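Asks: The structure follows.
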Amino acid sequence: MILNINDHKYHYELENICRLFFPYEPLTVTESNVINTNNNTINVFENDSSLSVSGSLFEHIFSKTRDYEKNIADDELIIESALFLFEIFSNITNIRPHWGILTGVRPSKLMRTLINKNGRKEAQNYFINRLLVTPEKTKLTYDVAQNENKIISLSKPEHYSLYISIPFCPTRCSYCSFVSHSVEQAKTLIPLYIKNLCEEIKYTAQIADKLNLKLSTIYWGGGTPTSLNVEQINMIAKTISENFYVSAALEYTVEAGRPDTITFEKLQTLSENKVNRISINPQTFNDAVLIEIGRKHTAQDTFDAYNLARKFDFNINMDLITGLPTDTVDSFKNSIDTAINLNPDNITIHTLALKRASKLVSQIGIDKATGDTQSMLEYANKNLENNGYIPYYLYRQSRTIGNLENVGWAKVNTECFYNVYMMEEVHSVFGCGGGAVTKLRNPFNNEISRIFNFKYPYEYNIRFNEILERKNNIITYYNSIKMP
Ligand code: SF4
């Protein structure tokens with residue numbers, strides 16, 4: 001499929017609309033003043049005060065022109081162009097995407113900005129009438145924005161969160177596109193990786209102290225942090241508790257992830273080091289689907305890990321995914337019912353994202369993952385709400401089936417602070433480890449700057465000195481914004 005644009009400034013938004021309706025079609029963008037008459041081509045030409053869209057797509061031929069005000073503001077022109085293309089594609093495909101032309105990652109951030117500017121009613125109207133978001137998704141976004149408020153209000157300008165990256169997993173899930181190495185493959189890298197990580201953690205603590213910053217939350221992600229052995233976990237956890245004032249943190253999460261990596265000893269070590277939230281992620285309670293996605297555990301492993309973890313005082317999160325290969329609406333409903341019966345503090349519902357780098361897309365074929373994700377989400381939302389969970393965290397990813405969302409649900413007062421701080425970019429996050437990103441947020445103007453660590457563990461090990469040098473940019477940054 002070709003998107004041919006004449007000098008149009010908003011390639012990005014128009015590409016997004018094409019991907020929204022034709023997510024599995026390879027898309028090429030060209031820039032030319034000449035109409036391309038090839039099949040499966042869309043020409044978008046902006047003239048003085050009008051926009052013309054013409055072309056042919058899957059045997060539909062179209063040619064339309066729409067006028068707009070001569071002095072239209074740039075952001076309004078973006079919306080007009082996107083709506084125009086949306087309408088044409090919607091007529092051709094008979095599809096009405098639930099999130100309308102809204103393609104951003106953080107709908108609740110936009111909702112909050114609109115509420116602050118124009119009030120609740122106007123904000124909701126804008127979502128429904130201008131961005132064409134359905135009333136259901138608008139309500140979900142509004143609820144999330146409301147529930148996030150109390151968490152956001154706890155953050156102060158001097159606060160930061162600490163992220164620890166453990167990019168290793170027992171095996172690779174078929175839908176995964178992260179830089180995560182299997183523990184087996186990475187065996188020789190891991191000891192040096194942990195030594196370097198501990199060094200980076202210490203150095204980060206020194207920087208935070210020097211700048212008088214206050215630790216708000218800690219989060220170990222990956223990967224699967226509990227794919228490390230108990231000594232390795234202990235070494236990292238001790239380094240954190242010896243260098244940071246962990247007791248003052250609002251929350252300390254370790255994403256255990258795979259149930260088959262969880263043991264009593266690992267949980268004990270985490271608990272002794274003041275971890276108070278963990279994630280045990282079944283993804284589904286259907287064993288056949290687990291085999292299909294390449295996870296070497298069963299539903300029973302999840303029950304066992306959950307019961308073990310309940311012997312400690314953790315808040316527990318469980319992740320489920322809609323749209324997994326070979327999963328059905330009924331099987332997903334069973335997964336939701338099972339999770340709710342277990343009564344974890346948090347349940348996070350993801351929509352499967354078909355990432356190009358995943359085995360599912362590159363080798364298995366996406367036709368295996370075509371589930372009715374919207375029906376699955378509707379069932380999940382209704383039942384989570386009926387069982388006392390509130391939506392408190394929402395984000396969207398590209399290439400999800402049906403272009404749908406990911407939502408964190410929690411029993412009241414068990415919401416994960418880190419998820420909100422990170423997703424809504426409330427304060428700085430200092431990242432340690434391979435692939436981690438340090439996100440520096442200016443509390444006075446909300447601007448974000450980033451410092452990237454090397455992506456792959458071997459690179460992280462080999463070029464570790466550069467990582468420490470880059471960390472000094474945190475000092476330069478905070479000095480430049482003159483914290484009180
Ligand atoms: S557990 Fe997560 S990071 Fe690890 S392979 Fe599966 S999807 Fe990727």
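Residues in the structure tokens are named by chain (A, B, ... in the order shown) and by number from 1 within that chain; ligands are numbered from 1 in the order shown.
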Select the residues contacting ligand 1 at a distance of at most 9 Å, based on only C-alpha atoms and all ligand atoms, then format the selection as an MDAnalysis selection string.

Replies: chainID A and resid 167:182 221:224 257:258 281 293:295

Asks: Can you pull out the residues contacting A:Leu250? Cut-off 10 Å, using only C-alpha atoms, and skip same-chain residues under 4 positions away; I want them as a list in words.

Replies: Leu154, Ser161, Leu215, Ser216, Thr217, Ile218, Val246, Asn276, Cys416, Phe417 and Tyr418 of chain A

Asks: Give the alpha helix (DSSP H) residues of stretch 181-387 of chain A, as DSSP finds them on the backbone, and put them as a VMD selection string.

Replies: chain A and resid 190 to 210 230 to 243 264 to 272 287 to 292 299 to 309 329 to 342 359 373 to 386

Asks: Neighbouring residues of A:Pro191 were defined as those with any atom within 12 Å, considering only C-alpha atoms; residues of the same chain fewer than 6 positions away were excluded. Please report them as a list of chain:residue names.

Replies: A:Val183, A:Leu197, A:Cys198, A:Leu228, A:Asn229, A:Glu231, A:Gln232, A:Ile233, A:Met235, A:Ile236, A:Pro457, A:Tyr458, A:Asn461

Asks: Suppose we keep N, CA, C and O atoms; can you now write the selection as a PDB file, in the first residue's frame?

Replies:
```
ATOM      1  N   VAL A 183      17.637 -17.350  29.687  1.00  0.00           N
ATOM      2  CA  VAL A 183      18.658 -17.519  30.733  1.00  0.00           C
ATOM      3  C   VAL A 183      19.693 -18.520  30.262  1.00  0.00           C
ATOM      4  O   VAL A 183      20.899 -18.362  30.507  1.00  0.00           O
ATOM      5  N   LEU A 197      25.449  -4.122  37.016  1.00  0.00           N
ATOM      6  CA  LEU A 197      24.169  -3.531  37.426  1.00  0.00           C
ATOM      7  C   LEU A 197      24.270  -2.978  38.858  1.00  0.00           C
ATOM      8  O   LEU A 197      23.823  -1.861  39.143  1.00  0.00           O
ATOM      9  N   CYS A 198      24.893  -3.767  39.746  1.00  0.00           N
ATOM     10  CA  CYS A 198      25.030  -3.318  41.145  1.00  0.00           C
ATOM     11  C   CYS A 198      25.866  -2.045  41.212  1.00  0.00           C
ATOM     12  O   CYS A 198      25.572  -1.121  41.976  1.00  0.00           O
ATOM     13  N   LEU A 228      16.423 -15.076  37.455  1.00  0.00           N
ATOM     14  CA  LEU A 228      17.740 -15.139  38.112  1.00  0.00           C
ATOM     15  C   LEU A 228      17.643 -16.089  39.312  1.00  0.00           C
ATOM     16  O   LEU A 228      16.554 -16.316  39.835  1.00  0.00           O
ATOM     17  N   ASN A 229      18.785 -16.606  39.762  1.00  0.00           N
ATOM     18  CA  ASN A 229      18.713 -17.487  40.935  1.00  0.00           C
ATOM     19  C   ASN A 229      18.661 -16.646  42.219  1.00  0.00           C
ATOM     20  O   ASN A 229      18.862 -15.426  42.201  1.00  0.00           O
ATOM     21  N   GLU A 231      20.551 -16.258  44.797  1.00  0.00           N
ATOM     22  CA  GLU A 231      21.749 -15.485  45.205  1.00  0.00           C
ATOM     23  C   GLU A 231      21.848 -14.210  44.366  1.00  0.00           C
ATOM     24  O   GLU A 231      22.186 -13.129  44.883  1.00  0.00           O
ATOM     25  N   GLN A 232      21.572 -14.352  43.075  1.00  0.00           N
ATOM     26  CA  GLN A 232      21.665 -13.176  42.191  1.00  0.00           C
ATOM     27  C   GLN A 232      20.601 -12.131  42.564  1.00  0.00           C
ATOM     28  O   GLN A 232      20.885 -10.933  42.622  1.00  0.00           O
ATOM     29  N   ILE A 233      19.404 -12.618  42.847  1.00  0.00           N
ATOM     30  CA  ILE A 233      18.327 -11.689  43.249  1.00  0.00           C
ATOM     31  C   ILE A 233      18.713 -10.980  44.544  1.00  0.00           C
ATOM     32  O   ILE A 233      18.583  -9.762  44.692  1.00  0.00           O
ATOM     33  N   MET A 235      21.661 -10.405  45.724  1.00  0.00           N
ATOM     34  CA  MET A 235      22.772  -9.462  45.518  1.00  0.00           C
ATOM     35  C   MET A 235      22.238  -8.102  45.028  1.00  0.00           C
ATOM     36  O   MET A 235      22.626  -7.046  45.531  1.00  0.00           O
ATOM     37  N   ILE A 236      21.309  -8.156  44.079  1.00  0.00           N
ATOM     38  CA  ILE A 236      20.761  -6.897  43.547  1.00  0.00           C
ATOM     39  C   ILE A 236      19.910  -6.205  44.626  1.00  0.00           C
ATOM     40  O   ILE A 236      20.026  -4.997  44.859  1.00  0.00           O
ATOM     41  N   PRO A 457      22.498  -7.027  26.621  1.00  0.00           N
ATOM     42  CA  PRO A 457      23.340  -7.274  27.792  1.00  0.00           C
ATOM     43  C   PRO A 457      24.834  -7.347  27.467  1.00  0.00           C
ATOM     44  O   PRO A 457      25.650  -6.833  28.229  1.00  0.00           O
ATOM     45  N   TYR A 458      25.201  -7.941  26.309  1.00  0.00           N
ATOM     46  CA  TYR A 458      26.643  -8.037  26.018  1.00  0.00           C
ATOM     47  C   TYR A 458      27.245  -6.657  25.792  1.00  0.00           C
ATOM     48  O   TYR A 458      28.361  -6.351  26.216  1.00  0.00           O
ATOM     49  N   ASN A 461      27.637  -4.907  29.082  1.00  0.00           N
ATOM     50  CA  ASN A 461      28.844  -5.372  29.786  1.00  0.00           C
ATOM     51  C   ASN A 461      30.107  -4.780  29.187  1.00  0.00           C
ATOM     52  O   ASN A 461      30.962  -4.258  29.897  1.00  0.00           O
TER      53      ASN A 461
END
```

Asks: Need to verify the contact set: A:Asn33, 12 Å, only C-alpha atoms, exclusion of same-chain residues closer than 4 positions in sequence. Can you return it as a ChimeraX atom specification?

Replies: /A:4-8,43-47

Asks: Could those selected residues go to a file with N, CA and C atoms, as a PDB file, in the first residue's frame?

Replies:
```pdb
ATOM      1  N   ASN A   4       0.788   8.459  -0.862  1.00  0.00           N
ATOM      2  CA  ASN A   4       1.522   9.453  -1.642  1.00  0.00           C
ATOM      3  C   ASN A   4       1.064  10.847  -1.203  1.00  0.00           C
ATOM      4  N   ILE A   5       1.981  11.630  -0.680  1.00  0.00           N
ATOM      5  CA  ILE A   5       1.603  12.916  -0.097  1.00  0.00           C
ATOM      6  C   ILE A   5       2.383  14.031  -0.774  1.00  0.00           C
ATOM      7  N   ASN A   6       1.695  15.138  -1.062  1.00  0.00           N
ATOM      8  CA  ASN A   6       2.439  16.268  -1.651  1.00  0.00           C
ATOM      9  C   ASN A   6       2.812  17.231  -0.531  1.00  0.00           C
ATOM     10  N   ASP A   7       3.989  17.176  -0.101  1.00  0.00           N
ATOM     11  CA  ASP A   7       4.477  18.199   0.819  1.00  0.00           C
ATOM     12  C   ASP A   7       3.575  18.379   2.049  1.00  0.00           C
ATOM     13  N   HIS A   8       2.951  17.334   2.468  1.00  0.00           N
ATOM     14  CA  HIS A   8       2.056  17.458   3.607  1.00  0.00           C
ATOM     15  C   HIS A   8       2.873  17.304   4.886  1.00  0.00           C
ATOM     16  N   ASN A  43      -3.585   9.018  -2.533  1.00  0.00           N
ATOM     17  CA  ASN A  43      -2.917  10.305  -2.741  1.00  0.00           C
ATOM     18  C   ASN A  43      -3.565  11.329  -1.819  1.00  0.00           C
ATOM     19  N   VAL A  44      -2.779  11.984  -1.023  1.00  0.00           N
ATOM     20  CA  VAL A  44      -3.329  13.043  -0.157  1.00  0.00           C
ATOM     21  C   VAL A  44      -2.613  14.343  -0.523  1.00  0.00           C
ATOM     22  N   PHE A  45      -3.356  15.259  -1.136  1.00  0.00           N
ATOM     23  CA  PHE A  45      -2.754  16.514  -1.584  1.00  0.00           C
ATOM     24  C   PHE A  45      -3.385  17.678  -0.839  1.00  0.00           C
ATOM     25  N   GLU A  46      -2.527  18.468  -0.242  1.00  0.00           N
ATOM     26  CA  GLU A  46      -3.018  19.651   0.451  1.00  0.00           C
ATOM     27  C   GLU A  46      -2.794  20.856  -0.457  1.00  0.00           C
ATOM     28  N   ASN A  47      -3.895  21.618  -0.713  1.00  0.00           N
ATOM     29  CA  ASN A  47      -3.755  22.826  -1.512  1.00  0.00           C
ATOM     30  C   ASN A  47      -3.932  24.026  -0.597  1.00  0.00           C
TER      31      ASN A  47
END
```

Asks: Neighbours of A:Ile151 within 12 Å (only C-alpha atoms; same-chain residues fewer than 6 positions away dropped), as an MDAnalysis selection string?

Replies: chainID A and resid 144:145 216:217 250:251 392:393 412:422 424 426:427

Asks: Give the answer as one residue: which of A:Gln374, A:Ile166, A:Val329, A:Val429 has the shortest atom-to-atom distance to A:Tyr456, using only C-alpha atoms?

Replies: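 Ranking A:Gln374, A:Ile166, A:Val329, A:Val429 by distance to A:Tyr456, first place goes to A:Ile166.
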
Asks: Using only C-alpha atoms, determine which residues lie at most 12 Å from A:Asn125, disregarding the query and same-chain residues fewer than 3 positions distant; provide the list as an MDAnalysis selection string.

Replies: chainID A and resid 111 114:115 118:122 128:135 138:139 142

Asks: Would you mind exporting N, CA and C atoms of the selected residues as a PDB file, in the first residue's frame?

Replies:
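again_34.pdb was written with the following content:
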```
ATOM      1  N   MET A 111      -6.934  13.380  28.338  1.00  0.00           N
ATOM      2  CA  MET A 111      -8.210  13.658  29.014  1.00  0.00           C
ATOM      3  C   MET A 111      -7.987  14.631  30.177  1.00  0.00           C
ATOM      4  N   LEU A 114      -7.428  18.110  28.950  1.00  0.00           N
ATOM      5  CA  LEU A 114      -8.667  18.730  28.463  1.00  0.00           C
ATOM      6  C   LEU A 114      -9.592  19.108  29.618  1.00  0.00           C
ATOM      7  N   ILE A 115      -9.659  18.247  30.640  1.00  0.00           N
ATOM      8  CA  ILE A 115     -10.510  18.558  31.797  1.00  0.00           C
ATOM      9  C   ILE A 115     -10.005  19.834  32.469  1.00  0.00           C
ATOM     10  N   ASN A 118     -10.969  22.787  29.998  1.00  0.00           N
ATOM     11  CA  ASN A 118     -12.365  23.118  29.654  1.00  0.00           C
ATOM     12  C   ASN A 118     -13.419  22.420  30.495  1.00  0.00           C
ATOM     13  N   GLY A 119     -13.015  21.634  31.464  1.00  0.00           N
ATOM     14  CA  GLY A 119     -13.999  20.944  32.294  1.00  0.00           C
ATOM     15  C   GLY A 119     -14.353  19.560  31.751  1.00  0.00           C
ATOM     16  N   ARG A 120     -15.018  18.785  32.612  1.00  0.00           N
ATOM     17  CA  ARG A 120     -15.305  17.382  32.317  1.00  0.00           C
ATOM     18  C   ARG A 120     -16.160  17.192  31.055  1.00  0.00           C
ATOM     19  N   LYS A 121     -17.262  17.959  30.990  1.00  0.00           N
ATOM     20  CA  LYS A 121     -18.217  17.754  29.905  1.00  0.00           C
ATOM     21  C   LYS A 121     -17.569  18.022  28.539  1.00  0.00           C
ATOM     22  N   GLU A 122     -16.865  19.151  28.487  1.00  0.00           N
ATOM     23  CA  GLU A 122     -16.220  19.526  27.230  1.00  0.00           C
ATOM     24  C   GLU A 122     -15.176  18.486  26.823  1.00  0.00           C
ATOM     25  N   ILE A 128     -15.552  12.280  22.144  1.00  0.00           N
ATOM     26  CA  ILE A 128     -16.594  11.568  21.383  1.00  0.00           C
ATOM     27  C   ILE A 128     -16.845  12.221  20.015  1.00  0.00           C
ATOM     28  N   ASN A 129     -16.972  13.551  20.003  1.00  0.00           N
ATOM     29  CA  ASN A 129     -17.413  14.206  18.765  1.00  0.00           C
ATOM     30  C   ASN A 129     -16.271  14.640  17.857  1.00  0.00           C
ATOM     31  N   ARG A 130     -15.144  14.972  18.449  1.00  0.00           N
ATOM     32  CA  ARG A 130     -14.046  15.460  17.604  1.00  0.00           C
ATOM     33  C   ARG A 130     -13.081  14.329  17.241  1.00  0.00           C
ATOM     34  N   LEU A 131     -12.774  13.494  18.234  1.00  0.00           N
ATOM     35  CA  LEU A 131     -11.796  12.424  17.969  1.00  0.00           C
ATOM     36  C   LEU A 131     -12.482  11.104  17.606  1.00  0.00           C
ATOM     37  N   LEU A 132     -13.801  11.065  17.696  1.00  0.00           N
ATOM     38  CA  LEU A 132     -14.612   9.890  17.331  1.00  0.00           C
ATOM     39  C   LEU A 132     -14.324   8.660  18.200  1.00  0.00           C
ATOM     40  N   VAL A 133     -13.951   8.902  19.446  1.00  0.00           N
ATOM     41  CA  VAL A 133     -13.760   7.806  20.402  1.00  0.00           C
ATOM     42  C   VAL A 133     -15.147   7.373  20.885  1.00  0.00           C
ATOM     43  N   THR A 134     -15.375   6.075  21.048  1.00  0.00           N
ATOM     44  CA  THR A 134     -16.716   5.633  21.462  1.00  0.00           C
ATOM     45  C   THR A 134     -17.011   6.124  22.886  1.00  0.00           C
ATOM     46  N   PRO A 135     -18.302   6.251  23.242  1.00  0.00           N
ATOM     47  CA  PRO A 135     -18.637   6.680  24.605  1.00  0.00           C
ATOM     48  C   PRO A 135     -18.043   5.735  25.657  1.00  0.00           C
ATOM     49  N   THR A 138     -14.408   6.489  26.047  1.00  0.00           N
ATOM     50  CA  THR A 138     -14.298   7.824  26.647  1.00  0.00           C
ATOM     51  C   THR A 138     -14.514   7.726  28.157  1.00  0.00           C
ATOM     52  N   LYS A 139     -15.526   6.944  28.540  1.00  0.00           N
ATOM     53  CA  LYS A 139     -15.812   6.801  29.976  1.00  0.00           C
ATOM     54  C   LYS A 139     -14.631   6.110  30.683  1.00  0.00           C
ATOM     55  N   TYR A 142     -11.916   8.573  31.125  1.00  0.00           N
ATOM     56  CA  TYR A 142     -12.251   9.535  32.177  1.00  0.00           C
ATOM     57  C   TYR A 142     -12.059   8.891  33.559  1.00  0.00           C
TER      58      TYR A 142
END
```

Asks: Could you go through stretch 80-308 of chain A and tell me which residues DSSP, when run on the backbone, assigns to strand (DSSP E), listing them as number ranges by chain?

Replies: A: 159-166, 168-169, 181-182, 214-222, 251-257, 277-280

Asks: Quote the spacing between atom CA of A:Thr30 and atom CA of A:Tyr12 in Å to one decimal place.

Replies: 12.3 Å
